[in-house]
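Note sheet for the following structure.
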Amino acid sequence: MSQTVAIPHGLSSERDAGPFDPPRQITRLREARPVSPMVFPDGHEGWIVTGYDAVRQLLADTRFSSRQDIGILHVPYETPHMPAPTEPSPQVPGLFIAMDPPDHTRLRRKLTGAFTVKRMKQLEERIIDIAERQLDEVARLAPPVDLVKEFALPVPSLVICELLGVPYADRENFQVNSAKFLVKDQSLDEKIAAYTALTTYLAELVTGKRAAPGEDILSDLARHDDLTIEELTGIAFLLLLAGHETTANMLALGTFALLEHPEQLAELRATPDLMPGAVEELMRYLSIADIFYRYATEDIELGGETIPEGSTVVISLLAANRDPKRFDNPDTLDIHRKARGHLSFGHGIHQCLGQQLARIEMRAGFEGLLRRFPTLKLAIPAGEVKLKSDMNIYGVHELPVTWTETAR
């Protein structure tokens, strides 16, 4: 393999071009060769895909497997959903994000009715109410406050707990262990401990729902006799983790981005009708879930290159969403942009199941926050905001904010 690119440990960890921009190395790679051979830290040769068209094509091609049990994934750090294995690992029951058809199809089909656009629209008023009640709580506090702790994390946690039937009183347990699970640079034992704590709790929860189902998504799933408790636990783990971590990070990092673009913020505050498009643009611009992996099950042509069977392929959604061949002036945050078509929710059979829910939560969260706190600003210099470059989902650890008055 000629002209391979050596990728250092921590491929996309440091956003050295700024808190919202792709690492300079990734940008250079996309400009030079959107489908590039690469060398992982262990010396294993693979590929990295950074161009929008190639990433979209790859995600739609099921010959690029999501399974971790068909070969060793020599990755630079852990994937967003499981530790990087050093040998083929068995499939985790219920974790359909790491499955291919027909297993993926069987499990995902059980959930499609729960996340339809119609059902999410019916939930919109309840989600707005949750956001407004949490903003009431924020308004009672004396600034400065940490927006992550007081708003960005509670809102999606409250929503997903209500949807899944997870007691909100148990949030500390799953929030702490979710955060531990997503840390990149930790031992496998530490990651497994966090995973085990979460799945032990969820196994007890779904066992109870099978015995006495209620009116929630996990109870609906528990009524399916062909789903084992292990599968129910895996599905619950995936929905709970994805259902609060991603939206929480978007609410916090998106607020940070808007505060750093005051003209865009002022226009959005003055014209709330721009919010749906602004949410799409923030998704594209920030790309908090960046790196994903696939495994070539045969020789595959992609972007003028031949990816050999057995190759590990790294995908950068952040690089694809900033591709100038797809988006004009891609490194500019523009709330007027028609950003539909961004890849932040993925593409193909693994496209995010809860994307409509996330959109509603973000619209309600941002709209309420901007309306209720017209003088909102950072309480510390932007350069002191603690970035989640150590996590598999990007965001901020804390966002200290202040204000001079609140609107009712």
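Identifiers in the structure tokens: chain A, B, ... in order shown; residue index from 1 per chain; ligand index from 1 in order shown.
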
Could you tell me, as a ChimeraX atom specification, which residues of region 132-327 of chain A DSSP assigns to strand (DSSP E or B) when given the backbone? /A:145-146,183,291-296,300-302,305-307,312-316

For the residues in that selection, give me N, CA and C atoms as an mmCIF file, in the first residue's frame.
data_model
loop_
_atom_site.group_PDB
_atom_site.id
_atom_site.type_symbol
_atom_site.label_atom_id
_atom_site.label_comp_id
_atom_site.auth_asym_id
_atom_site.auth_seq_id
_atom_site.Cartn_x
_atom_site.Cartn_y
_atom_site.Cartn_z
ATOM 1 N N VAL A 145 -24.065 29.874 36.526
ATOM 2 C CA VAL A 145 -24.451 28.472 36.668
ATOM 3 C C VAL A 145 -23.807 27.664 35.551
ATOM 4 N N ASP A 146 -23.671 26.383 35.797
ATOM 5 C CA ASP A 146 -23.166 25.465 34.773
ATOM 6 C C ASP A 146 -24.352 24.999 33.937
ATOM 7 N N VAL A 183 -15.489 7.668 28.060
ATOM 8 C CA VAL A 183 -14.121 8.182 28.159
ATOM 9 C C VAL A 183 -13.218 7.375 27.236
ATOM 10 N N ILE A 291 -16.413 9.957 14.740
ATOM 11 C CA ILE A 291 -15.708 8.796 14.189
ATOM 12 C C ILE A 291 -16.527 7.513 14.308
ATOM 13 N N PHE A 292 -16.672 6.820 13.173
ATOM 14 C CA PHE A 292 -17.330 5.513 13.140
ATOM 15 C C PHE A 292 -16.459 4.544 12.338
ATOM 16 N N TYR A 293 -16.750 3.262 12.465
ATOM 17 C CA TYR A 293 -15.916 2.230 11.845
ATOM 18 C C TYR A 293 -16.763 1.242 11.058
ATOM 19 N N ARG A 294 -16.189 0.768 9.979
ATOM 20 C CA ARG A 294 -16.796 -0.304 9.197
ATOM 21 C C ARG A 294 -15.706 -1.293 8.803
ATOM 22 N N TYR A 295 -16.155 -2.460 8.331
ATOM 23 C CA TYR A 295 -15.245 -3.550 8.008
ATOM 24 C C TYR A 295 -15.628 -4.094 6.633
ATOM 25 N N ALA A 296 -14.715 -4.015 5.680
ATOM 26 C CA ALA A 296 -15.014 -4.413 4.298
ATOM 27 C C ALA A 296 -15.136 -5.932 4.199
ATOM 28 N N ILE A 300 -14.036 -3.563 -2.396
ATOM 29 C CA ILE A 300 -15.068 -2.570 -2.715
ATOM 30 C C ILE A 300 -14.428 -1.316 -3.301
ATOM 31 N N GLU A 301 -14.988 -0.853 -4.425
ATOM 32 C CA GLU A 301 -14.546 0.399 -5.029
ATOM 33 C C GLU A 301 -15.222 1.573 -4.322
ATOM 34 N N LEU A 302 -14.445 2.543 -3.909
ATOM 35 C CA LEU A 302 -14.997 3.711 -3.225
ATOM 36 C C LEU A 302 -14.130 4.933 -3.526
ATOM 37 N N GLU A 305 -10.851 4.421 -5.286
ATOM 38 C CA GLU A 305 -9.899 3.530 -4.625
ATOM 39 C C GLU A 305 -10.524 2.146 -4.474
ATOM 40 N N THR A 306 -9.691 1.135 -4.369
ATOM 41 C CA THR A 306 -10.164 -0.215 -4.081
ATOM 42 C C THR A 306 -9.813 -0.548 -2.642
ATOM 43 N N ILE A 307 -10.850 -0.737 -1.839
ATOM 44 C CA ILE A 307 -10.648 -1.100 -0.431
ATOM 45 C C ILE A 307 -10.711 -2.617 -0.342
ATOM 46 N N THR A 312 -10.173 -2.500 7.784
ATOM 47 C CA THR A 312 -10.871 -1.645 8.736
ATOM 48 C C THR A 312 -10.950 -0.250 8.128
ATOM 49 N N VAL A 313 -12.140 0.340 8.151
ATOM 50 C CA VAL A 313 -12.351 1.656 7.539
ATOM 51 C C VAL A 313 -12.854 2.627 8.607
ATOM 52 N N VAL A 314 -12.150 3.748 8.732
ATOM 53 C CA VAL A 314 -12.535 4.819 9.656
ATOM 54 C C VAL A 314 -13.318 5.867 8.872
ATOM 55 N N ILE A 315 -14.428 6.322 9.445
ATOM 56 C CA ILE A 315 -15.270 7.336 8.807
ATOM 57 C C ILE A 315 -15.275 8.575 9.683
ATOM 58 N N SER A 316 -15.032 9.749 9.092
ATOM 59 C CA SER A 316 -15.143 11.009 9.833
ATOM 60 C C SER A 316 -16.359 11.785 9.337
#

Hey, could you make a per-residue contact list for region 228-254 of chain A against region 345-365 of chain A with 8 Å as the cut-off, showing the nearest pair of atoms and its distance in Å to one decimal, counting only C-alpha atoms, sorted by chain and number, as JSON lines?
{"residue": "A:Gly243", "atom": "CA", "partner": "A:Gly354", "partner_atom": "CA", "distance": 7.4}
{"residue": "A:Thr247", "atom": "CA", "partner": "A:Ala358", "partner_atom": "CA", "distance": 6.1}
{"residue": "A:Met250", "atom": "CA", "partner": "A:Met362", "partner_atom": "CA", "distance": 7.7}
{"residue": "A:Leu251", "atom": "CA", "partner": "A:Met362", "partner_atom": "CA", "distance": 6.4}

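Between CA of Ala339 (chain A) and CA of Phe327 (chain A) lies a distance of 8.0 Å.
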
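Summary of the local environment: counting only C-alpha atoms, residues at most 6 Å from region 194-209 of chain A, other than itself and those fewer than 3 positions away along its chain, are Asn177, Phe181, Lys191, Ala212, Pro213, Ser219 and Thr233 of chain A.
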
Could you go through region 294-390 of chain A and tell me which residues DSSP, when run on the backbone, assigns to helix (DSSP H, G or I), listing them as a PyMOL selection string? chain A and resi 317-321+348-350+355-372+382-384

Just N, CA, C and O atoms for this one: save the residues we selected as an mmCIF file, in the first residue's frame.
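To be explicit, this is the file written out as part.cif:
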data_model
loop_
_atom_site.group_PDB
_atom_site.id
_atom_site.type_symbol
_atom_site.label_atom_id
_atom_site.label_comp_id
_atom_site.auth_asym_id
_atom_site.auth_seq_id
_atom_site.Cartn_x
_atom_site.Cartn_y
_atom_site.Cartn_z
ATOM 1 N N LEU A 317 -17.431 11.781 10.136
ATOM 2 C CA LEU A 317 -18.618 12.556 9.784
ATOM 3 C C LEU A 317 -18.334 14.054 9.866
ATOM 4 O O LEU A 317 -18.883 14.837 9.086
ATOM 5 N N LEU A 318 -17.482 14.457 10.796
ATOM 6 C CA LEU A 318 -17.127 15.869 10.928
ATOM 7 C C LEU A 318 -16.465 16.377 9.655
ATOM 8 O O LEU A 318 -16.818 17.439 9.134
ATOM 9 N N ALA A 319 -15.506 15.614 9.129
ATOM 10 C CA ALA A 319 -14.838 16.022 7.893
ATOM 11 C C ALA A 319 -15.823 16.078 6.736
ATOM 12 O O ALA A 319 -15.799 17.013 5.926
ATOM 13 N N ALA A 320 -16.710 15.085 6.659
ATOM 14 C CA ALA A 320 -17.688 15.043 5.567
ATOM 15 C C ALA A 320 -18.639 16.230 5.636
ATOM 16 O O ALA A 320 -18.977 16.837 4.611
ATOM 17 N N ASN A 321 -19.063 16.581 6.839
ATOM 18 C CA ASN A 321 -19.990 17.701 7.013
ATOM 19 C C ASN A 321 -19.338 19.059 6.771
ATOM 20 O O ASN A 321 -20.036 20.061 6.652
ATOM 21 N N GLY A 348 -28.139 5.611 5.672
ATOM 22 C CA GLY A 348 -28.303 4.185 5.421
ATOM 23 C C GLY A 348 -29.062 3.502 6.542
ATOM 24 O O GLY A 348 -29.808 4.135 7.291
ATOM 25 N N ILE A 349 -28.859 2.205 6.682
ATOM 26 C CA ILE A 349 -29.681 1.418 7.608
ATOM 27 C C ILE A 349 -29.426 1.758 9.072
ATOM 28 O O ILE A 349 -30.257 1.471 9.930
ATOM 29 N N HIS A 350 -28.285 2.379 9.357
ATOM 30 C CA HIS A 350 -27.973 2.729 10.743
ATOM 31 C C HIS A 350 -28.275 4.195 11.056
ATOM 32 O O HIS A 350 -27.864 4.687 12.111
ATOM 33 N N GLN A 355 -33.769 10.537 15.590
ATOM 34 C CA GLN A 355 -33.404 11.859 15.085
ATOM 35 C C GLN A 355 -34.531 12.879 15.206
ATOM 36 O O GLN A 355 -34.277 14.060 15.475
ATOM 37 N N GLN A 356 -35.775 12.459 15.001
ATOM 38 C CA GLN A 356 -36.880 13.417 15.124
ATOM 39 C C GLN A 356 -37.050 13.866 16.572
ATOM 40 O O GLN A 356 -37.343 15.039 16.842
ATOM 41 N N LEU A 357 -36.875 12.947 17.494
ATOM 42 C CA LEU A 357 -36.915 13.294 18.911
ATOM 43 C C LEU A 357 -35.827 14.311 19.242
ATOM 44 O O LEU A 357 -36.085 15.310 19.932
ATOM 45 N N ALA A 358 -34.619 14.064 18.767
ATOM 46 C CA ALA A 358 -33.501 14.979 19.035
ATOM 47 C C ALA A 358 -33.778 16.365 18.467
ATOM 48 O O ALA A 358 -33.496 17.383 19.119
ATOM 49 N N ARG A 359 -34.342 16.422 17.271
ATOM 50 C CA ARG A 359 -34.654 17.718 16.656
ATOM 51 C C ARG A 359 -35.661 18.510 17.508
ATOM 52 O O ARG A 359 -35.496 19.708 17.738
ATOM 53 N N ILE A 360 -36.685 17.822 17.980
ATOM 54 C CA ILE A 360 -37.703 18.490 18.799
ATOM 55 C C ILE A 360 -37.089 18.993 20.101
ATOM 56 O O ILE A 360 -37.342 20.124 20.536
ATOM 57 N N GLU A 361 -36.255 18.171 20.728
ATOM 58 C CA GLU A 361 -35.606 18.571 21.978
ATOM 59 C C GLU A 361 -34.703 19.785 21.769
ATOM 60 O O GLU A 361 -34.686 20.714 22.593
ATOM 61 N N MET A 362 -33.956 19.775 20.683
ATOM 62 C CA MET A 362 -33.052 20.904 20.425
ATOM 63 C C MET A 362 -33.820 22.179 20.104
ATOM 64 O O MET A 362 -33.481 23.263 20.589
ATOM 65 N N ARG A 363 -34.862 22.062 19.297
ATOM 66 C CA ARG A 363 -35.662 23.252 18.984
ATOM 67 C C ARG A 363 -36.283 23.827 20.255
ATOM 68 O O ARG A 363 -36.230 25.037 20.498
ATOM 69 N N ALA A 364 -36.857 22.963 21.091
ATOM 70 C CA ALA A 364 -37.472 23.425 22.334
ATOM 71 C C ALA A 364 -36.432 24.000 23.285
ATOM 72 O O ALA A 364 -36.655 25.037 23.922
ATOM 73 N N GLY A 365 -35.294 23.337 23.382
ATOM 74 C CA GLY A 365 -34.249 23.777 24.302
ATOM 75 C C GLY A 365 -33.637 25.109 23.917
ATOM 76 O O GLY A 365 -33.566 26.040 24.738
ATOM 77 N N PHE A 366 -33.208 25.221 22.672
ATOM 78 C CA PHE A 366 -32.581 26.470 22.224
ATOM 79 C C PHE A 366 -33.582 27.623 22.225
ATOM 80 O O PHE A 366 -33.269 28.730 22.668
ATOM 81 N N GLU A 367 -34.796 27.380 21.730
ATOM 82 C CA GLU A 367 -35.787 28.450 21.651
ATOM 83 C C GLU A 367 -36.130 28.978 23.044
ATOM 84 O O GLU A 367 -36.162 30.202 23.280
ATOM 85 N N GLY A 368 -36.355 28.071 23.989
ATOM 86 C CA GLY A 368 -36.675 28.485 25.343
ATOM 87 C C GLY A 368 -35.531 29.219 26.018
ATOM 88 O O GLY A 368 -35.733 30.248 26.684
ATOM 89 N N LEU A 369 -34.331 28.708 25.844
ATOM 90 C CA LEU A 369 -33.157 29.322 26.468
ATOM 91 C C LEU A 369 -32.926 30.738 25.956
ATOM 92 O O LEU A 369 -32.700 31.668 26.743
ATOM 93 N N LEU A 370 -33.006 30.936 24.647
ATOM 94 C CA LEU A 370 -32.760 32.258 24.071
ATOM 95 C C LEU A 370 -33.864 33.241 24.453
ATOM 96 O O LEU A 370 -33.595 34.425 24.689
ATOM 97 N N ARG A 371 -35.089 32.758 24.514
ATOM 98 C CA ARG A 371 -36.204 33.641 24.875
ATOM 99 C C ARG A 371 -36.172 34.017 26.348
ATOM 100 O O ARG A 371 -36.381 35.173 26.714
ATOM 101 N N ARG A 372 -35.895 33.047 27.200
ATOM 102 C CA ARG A 372 -35.969 33.287 28.642
ATOM 103 C C ARG A 372 -34.755 34.041 29.184
ATOM 104 O O ARG A 372 -34.837 34.686 30.232
ATOM 105 N N ALA A 382 -13.831 32.205 26.632
ATOM 106 C CA ALA A 382 -14.121 31.044 25.782
ATOM 107 C C ALA A 382 -12.982 30.027 25.801
ATOM 108 O O ALA A 382 -13.217 28.818 25.757
ATOM 109 N N GLY A 383 -11.758 30.520 25.894
ATOM 110 C CA GLY A 383 -10.606 29.620 25.885
ATOM 111 C C GLY A 383 -10.492 28.754 27.126
ATOM 112 O O GLY A 383 -9.721 27.792 27.154
ATOM 113 N N GLU A 384 -11.283 29.085 28.163
ATOM 114 C CA GLU A 384 -11.231 28.306 29.406
ATOM 115 C C GLU A 384 -12.348 27.259 29.494
ATOM 116 O O GLU A 384 -12.415 26.509 30.465
#

Given the choices A:His342, A:Val92, A:Leu282, A:Ala139, which gets closest to Phe373 (chain A) if the distance is worked out from only C-alpha atoms? A:Ala139

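Comparing the minimum interatomic distances between His44 (chain A) and each of A:Ala236, A:Arg337, A:Leu221, A:Gly310, counting only C-alpha atoms, we find that A:Gly310 sits nearest.
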
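Straight-line separation from CA of Ala169 (chain A) to CA of Val148 (chain A): 18.2 Å.
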